[in-house]
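Coordinates as given in work.txt (compact mmCIF, C-alpha atoms and all ligand atoms):
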# COMPACT_ATOMS: atom_id res chain seq x y z
CA MET A 1 130.64 45.46 195.03
CA TYR A 2 134.10 45.41 196.62
CA ALA A 3 135.72 45.84 193.19
CA VAL A 4 133.53 48.89 192.52
CA GLU A 5 134.29 50.47 195.89
CA ASP A 6 138.01 49.68 195.61
CA GLN A 7 138.20 51.37 192.23
CA TRP A 8 136.25 54.36 193.54
CA SER A 9 138.50 54.53 196.60
CA ALA A 10 141.57 54.60 194.35
CA VAL A 11 140.13 57.68 192.59
CA LEU A 12 139.66 59.34 196.00
CA ASP A 13 143.28 58.52 196.90
CA ARG A 14 144.29 60.90 194.13
CA GLY A 15 141.45 63.41 194.45
CA GLY A 16 141.12 66.38 192.14
CA VAL A 17 139.59 66.56 188.69
CA VAL A 18 138.21 63.33 187.24
CA ASP A 19 137.22 62.94 183.62
CA PHE A 20 134.11 60.79 183.35
CA PHE A 21 132.97 60.18 179.77
CA GLY A 22 133.80 63.74 178.87
CA SER A 23 132.36 65.33 182.01
CA ARG A 24 134.77 66.74 184.55
CA PHE A 25 134.21 66.38 188.26
CA ASP A 26 136.23 67.66 191.17
CA VAL A 27 136.40 65.04 193.92
CA PRO A 28 138.01 65.45 197.34
CA LEU A 29 141.11 63.63 198.49
CA GLN A 30 139.94 61.02 200.98
CA ARG A 31 141.16 61.06 204.56
CA ARG A 32 143.33 58.38 206.11
CA PHE A 33 143.29 57.69 209.81
CA GLY A 34 146.28 56.69 211.90
CA ASP A 35 144.64 55.90 215.22
CA LEU A 36 141.38 54.92 216.83
CA ALA A 37 140.76 58.34 218.37
CA SER A 38 140.75 60.05 214.99
CA VAL A 39 138.39 57.42 213.54
CA ARG A 40 136.05 57.94 216.52
CA ARG A 41 136.08 61.72 216.09
CA TYR A 42 135.36 61.33 212.40
CA VAL A 43 132.47 58.89 212.93
CA GLU A 44 130.89 61.15 215.57
CA ALA A 45 131.24 64.18 213.30
CA VAL A 46 129.66 62.33 210.37
CA LEU A 47 126.70 61.14 212.44
CA ALA A 48 126.15 64.72 213.64
CA LEU A 49 126.08 66.26 210.14
CA PRO A 50 122.68 67.86 209.46
CA GLY A 51 122.36 65.94 206.18
CA VAL A 52 122.88 62.63 207.97
CA VAL A 53 120.63 63.50 210.91
CA GLY A 54 117.96 64.65 208.44
CA SER A 55 117.96 61.36 206.56
CA PHE A 56 118.58 59.06 209.54
CA PRO A 57 117.09 60.89 212.54
CA ASP A 58 117.03 57.84 214.80
CA ALA A 59 120.56 56.60 214.20
CA PRO A 60 122.18 55.75 217.54
CA THR A 61 125.86 56.39 218.17
CA VAL A 62 128.28 53.74 217.04
CA ALA A 63 131.26 52.34 218.89
CA VAL A 64 134.64 52.01 217.19
CA ARG A 65 137.27 49.47 218.14
CA GLU A 66 140.44 48.14 216.61
CA ARG A 67 140.01 44.85 214.86
CA ALA A 68 142.54 42.17 215.70
CA GLY A 69 142.52 40.59 212.25
CA GLN A 70 144.17 42.99 209.86
CA THR A 71 142.48 42.00 206.64
CA LYS A 72 139.21 43.94 206.62
CA ALA A 73 136.92 46.27 208.54
CA HIS A 74 133.44 45.21 209.57
CA TYR A 75 130.28 46.35 211.34
CA GLU A 76 128.75 44.38 214.19
CA PRO A 77 124.98 44.98 214.18
CA ALA A 78 124.39 43.30 217.56
CA THR A 79 126.57 45.78 219.42
CA GLY A 80 126.57 48.72 216.99
CA THR A 81 130.31 48.59 216.63
CA ILE A 82 132.66 49.35 213.76
CA ALA A 83 135.84 47.29 213.93
CA VAL A 84 138.76 48.70 211.99
CA PRO A 85 142.21 47.25 211.42
CA LEU A 86 144.55 50.20 211.82
CA ARG A 87 147.80 48.64 210.72
CA SER A 88 146.84 47.53 207.22
CA VAL A 89 147.36 50.03 204.44
CA TRP A 90 143.85 50.37 203.14
CA ALA A 91 141.53 49.77 206.08
CA ALA A 92 141.63 53.12 207.82
CA ARG A 93 140.67 55.04 204.71
CA GLU A 94 137.64 57.32 204.68
CA SER A 95 135.92 55.18 202.00
CA VAL A 96 136.15 52.13 204.27
CA ILE A 97 134.86 53.97 207.36
CA LEU A 98 131.95 55.39 205.34
CA HIS A 99 131.15 51.84 204.15
CA GLU A 100 130.83 50.70 207.76
CA ILE A 101 128.83 53.79 208.79
CA ALA A 102 126.46 53.06 205.88
CA HIS A 103 125.89 49.55 207.31
CA HIS A 104 125.14 51.11 210.70
CA LEU A 105 122.68 53.63 209.25
CA ALA A 106 120.92 51.10 207.02
CA PHE A 107 120.72 48.51 209.78
CA THR A 108 119.47 50.84 212.52
CA ALA A 109 116.91 52.36 210.12
CA GLY A 110 115.60 48.83 209.51
CA LEU A 111 115.99 49.29 205.78
CA GLY A 112 114.86 46.37 203.74
CA PRO A 113 114.99 42.65 204.39
CA ASP A 114 118.66 42.68 203.49
CA ALA A 115 119.79 45.05 206.20
CA ASP A 116 120.41 42.63 209.04
CA VAL A 117 122.15 39.73 207.37
CA GLN A 118 125.83 40.23 208.03
CA ASP A 119 128.27 38.69 205.56
CA ARG A 120 125.66 37.36 203.18
CA PRO A 121 125.25 38.74 199.68
CA GLY A 122 122.16 40.75 200.69
CA TRP A 123 124.09 42.64 203.35
CA HIS A 124 125.44 44.76 200.50
CA GLY A 125 122.11 44.96 198.70
CA PRO A 126 120.22 47.90 197.16
CA ASP A 127 119.37 49.47 200.55
CA TYR A 128 122.98 49.41 201.65
CA ARG A 129 124.08 50.92 198.32
CA ARG A 130 121.48 53.65 198.49
CA THR A 131 122.52 54.52 202.04
CA MET A 132 126.18 54.57 201.02
CA CYS A 133 125.46 56.93 198.09
CA GLU A 134 123.42 59.27 200.32
CA LEU A 135 126.11 59.27 202.97
CA VAL A 136 128.88 59.97 200.47
CA ALA A 137 126.88 62.83 198.96
CA VAL A 138 126.55 64.47 202.38
CA VAL A 139 130.12 63.88 203.54
CA MET A 140 132.20 64.06 200.35
CA GLY A 141 129.90 65.90 197.97
CA ASP A 142 127.75 65.06 194.97
CA PRO A 143 130.56 64.35 192.47
CA ALA A 144 132.03 61.62 194.70
CA ALA A 145 128.55 60.14 195.20
CA PHE A 146 127.82 60.32 191.49
CA LEU A 147 131.00 58.40 190.65
CA LEU A 148 130.18 55.72 193.20
CA ARG A 149 126.62 55.33 191.93
CA ALA A 150 127.86 55.15 188.33
CA GLY A 151 130.33 52.45 189.42
CA TYR A 152 127.61 50.34 191.06
CA GLU A 153 125.31 50.72 188.09
CA SER A 154 127.97 49.93 185.50
CA ALA A 155 128.61 46.69 187.43
CA GLY A 156 124.89 45.88 187.28
CA LEU A 157 124.37 46.59 191.00
CA VAL A 158 121.02 48.25 191.63
CA VAL A 159 120.92 51.26 193.94
CA GLY A 160 117.69 51.24 195.94
CA ALA A 161 115.23 54.13 195.78
CA ARG A 162 113.95 55.96 198.82
CA PRO A 163 110.42 54.79 199.60
ZN ZN B 1 130.20 45.70 204.22

Please re-express this file's structure in structure tokens.
Ligand SMILES: [Zn+2]
Amino acid sequence: MYAVEDQWSAVLDRGGVVDFFGSRFDVPLQRRFGDLASVRRYVEAVLALPGVVGSFPDAPTVAVRERAGQTKAHYEPATGTIAVPLRSVWAARESVILHEIAHHLAFTAGLGPDADVQDRPGWHGPDYRRTMCELVAVVMGDPAAFLLRAGYESAGLVVGARP
């Protein structure tokens, strides 16, 4: 899962036209954030997008704090907090923030038995992946979501279906 998202994130670092088995897609250049305030503004804006509100009408707001450890970002379900290392090169990328927002949306929507088990394999299960693909489609557009979904599926990772 991380390998798939890392590869996808690398494509978004370049942005522009991507050739995918002969089909050409235009994907956006992903944002990078330099401080907590800009991450907070971004997260609030994403949660307010009509496409996100439409799919996850009961999603509460999420808090954002800087994470002391600088290796990875994470989501804390108990407090509804995204913790982001701001000084490491990759962590404050849009792809990483969307990953954590997807956890928040999946968890607060009570999606699937895998939604509330932090740091176990199921935490990144089919419901998480479906939420991530839906979120990316709304925020970054269908081509970016298509590439992500294709990446999951080519790695044998099932994307859940909406009930
Ligand atoms: Zn995660």

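Using only C-alpha atoms and all ligand atoms, the shortest contact distance between ligand ZN 1 (chain B) and any of A:Val158, A:Met140, A:Ala83, A:Ala45 is found at A:Ala83.
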
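Note that CA of Ala109 in chain A and CA of Ile82 in chain A are 16.4 Å apart.
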
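When only C-alpha atoms and all ligand atoms are used to measure the gap to ligand ZN 1 (chain B), the shortest distance among A:Ala92, A:Val136, A:Val43, A:Met1 belongs to A:Met1.
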
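Shortest atom-to-atom contact with Asp19 in chain A among A:Gly51, A:Gly156, A:Pro126, A:Pro143: A:Pro143, counting all atoms listed in the file.
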
Compile the contact shell of Tyr75 in chain A as a ChimeraX atom specification: residues with an atom at most 10 Å away, counting all atoms listed in the file, same-chain residues fewer than 2 positions apart removed. /A:62-64,73,77-84,97,99-104,107,118-119

Requested write-out: C-alpha atoms of the selected residues, as a compact mmCIF listing (two decimals), in the frame of the given file:
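Result saved to result.txt:
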# COMPACT_ATOMS: atom_id res chain seq x y z
CA VAL A 62 128.28 53.74 217.04
CA ALA A 63 131.26 52.34 218.89
CA VAL A 64 134.64 52.01 217.19
CA ALA A 73 136.92 46.27 208.54
CA PRO A 77 124.98 44.98 214.18
CA ALA A 78 124.39 43.30 217.56
CA THR A 79 126.57 45.78 219.42
CA GLY A 80 126.57 48.72 216.99
CA THR A 81 130.31 48.59 216.63
CA ILE A 82 132.66 49.35 213.76
CA ALA A 83 135.84 47.29 213.93
CA VAL A 84 138.76 48.70 211.99
CA ILE A 97 134.86 53.97 207.36
CA HIS A 99 131.15 51.84 204.15
CA GLU A 100 130.83 50.70 207.76
CA ILE A 101 128.83 53.79 208.79
CA ALA A 102 126.46 53.06 205.88
CA HIS A 103 125.89 49.55 207.31
CA HIS A 104 125.14 51.11 210.70
CA PHE A 107 120.72 48.51 209.78
CA GLN A 118 125.83 40.23 208.03
CA ASP A 119 128.27 38.69 205.56

Could I get range 86-100 of chain A rebuilt with N, CA, C and O atoms, written as a PDB file, keeping the file's coordinate frame?
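File selection06.pdb, as written:
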ATOM      1  N   LEU A  86     143.853  48.926 212.006  1.00  0.00           N
ATOM      2  CA  LEU A  86     144.550  50.200 211.820  1.00  0.00           C
ATOM      3  C   LEU A  86     145.934  50.036 211.212  1.00  0.00           C
ATOM      4  O   LEU A  86     146.547  50.994 210.772  1.00  0.00           O
ATOM      5  N   ARG A  87     146.431  48.810 211.191  1.00  0.00           N
ATOM      6  CA  ARG A  87     147.800  48.640 210.720  1.00  0.00           C
ATOM      7  C   ARG A  87     147.888  48.222 209.257  1.00  0.00           C
ATOM      8  O   ARG A  87     148.961  48.215 208.687  1.00  0.00           O
ATOM      9  N   SER A  88     146.758  47.861 208.643  1.00  0.00           N
ATOM     10  CA  SER A  88     146.840  47.530 207.220  1.00  0.00           C
ATOM     11  C   SER A  88     146.693  48.805 206.403  1.00  0.00           C
ATOM     12  O   SER A  88     146.091  49.781 206.848  1.00  0.00           O
ATOM     13  N   VAL A  89     147.246  48.797 205.223  1.00  0.00           N
ATOM     14  CA  VAL A  89     147.360  50.030 204.440  1.00  0.00           C
ATOM     15  C   VAL A  89     146.028  50.649 204.070  1.00  0.00           C
ATOM     16  O   VAL A  89     145.867  51.857 204.078  1.00  0.00           O
ATOM     17  N   TRP A  90     145.061  49.807 203.726  1.00  0.00           N
ATOM     18  CA  TRP A  90     143.850  50.370 203.140  1.00  0.00           C
ATOM     19  C   TRP A  90     142.736  50.602 204.144  1.00  0.00           C
ATOM     20  O   TRP A  90     141.854  51.411 203.928  1.00  0.00           O
ATOM     21  N   ALA A  91     142.749  49.895 205.273  1.00  0.00           N
ATOM     22  CA  ALA A  91     141.530  49.770 206.080  1.00  0.00           C
ATOM     23  C   ALA A  91     141.088  51.060 206.726  1.00  0.00           C
ATOM     24  O   ALA A  91     139.908  51.283 206.909  1.00  0.00           O
ATOM     25  N   ALA A  92     142.035  51.915 207.104  1.00  0.00           N
ATOM     26  CA  ALA A  92     141.630  53.120 207.820  1.00  0.00           C
ATOM     27  C   ALA A  92     141.411  54.294 206.869  1.00  0.00           C
ATOM     28  O   ALA A  92     141.568  55.439 207.244  1.00  0.00           O
ATOM     29  N   ARG A  93     141.015  53.989 205.661  1.00  0.00           N
ATOM     30  CA  ARG A  93     140.670  55.040 204.710  1.00  0.00           C
ATOM     31  C   ARG A  93     139.232  55.497 204.933  1.00  0.00           C
ATOM     32  O   ARG A  93     138.377  54.738 205.380  1.00  0.00           O
ATOM     33  N   GLU A  94     138.982  56.746 204.536  1.00  0.00           N
ATOM     34  CA  GLU A  94     137.640  57.320 204.680  1.00  0.00           C
ATOM     35  C   GLU A  94     136.579  56.469 203.967  1.00  0.00           C
ATOM     36  O   GLU A  94     135.484  56.260 204.489  1.00  0.00           O
ATOM     37  N   SER A  95     136.892  55.979 202.768  1.00  0.00           N
ATOM     38  CA  SER A  95     135.920  55.180 202.000  1.00  0.00           C
ATOM     39  C   SER A  95     135.495  53.943 202.787  1.00  0.00           C
ATOM     40  O   SER A  95     134.327  53.539 202.752  1.00  0.00           O
ATOM     41  N   VAL A  96     136.440  53.340 203.505  1.00  0.00           N
ATOM     42  CA  VAL A  96     136.150  52.130 204.270  1.00  0.00           C
ATOM     43  C   VAL A  96     135.297  52.472 205.503  1.00  0.00           C
ATOM     44  O   VAL A  96     134.333  51.764 205.830  1.00  0.00           O
ATOM     45  N   ILE A  97     135.630  53.577 206.174  1.00  0.00           N
ATOM     46  CA  ILE A  97     134.860  53.970 207.360  1.00  0.00           C
ATOM     47  C   ILE A  97     133.427  54.339 206.943  1.00  0.00           C
ATOM     48  O   ILE A  97     132.456  53.965 207.612  1.00  0.00           O
ATOM     49  N   LEU A  98     133.293  55.041 205.815  1.00  0.00           N
ATOM     50  CA  LEU A  98     131.950  55.390 205.340  1.00  0.00           C
ATOM     51  C   LEU A  98     131.142  54.129 205.000  1.00  0.00           C
ATOM     52  O   LEU A  98     129.939  54.064 205.257  1.00  0.00           O
ATOM     53  N   HIS A  99     131.809  53.127 204.441  1.00  0.00           N
ATOM     54  CA  HIS A  99     131.150  51.840 204.150  1.00  0.00           C
ATOM     55  C   HIS A  99     130.545  51.262 205.433  1.00  0.00           C
ATOM     56  O   HIS A  99     129.388  50.842 205.446  1.00  0.00           O
ATOM     57  N   GLU A 100     131.325  51.275 206.503  1.00  0.00           N
ATOM     58  CA  GLU A 100     130.830  50.700 207.760  1.00  0.00           C
ATOM     59  C   GLU A 100     129.743  51.578 208.390  1.00  0.00           C
ATOM     60  O   GLU A 100     128.782  51.061 208.975  1.00  0.00           O
TER      61      GLU A 100
END
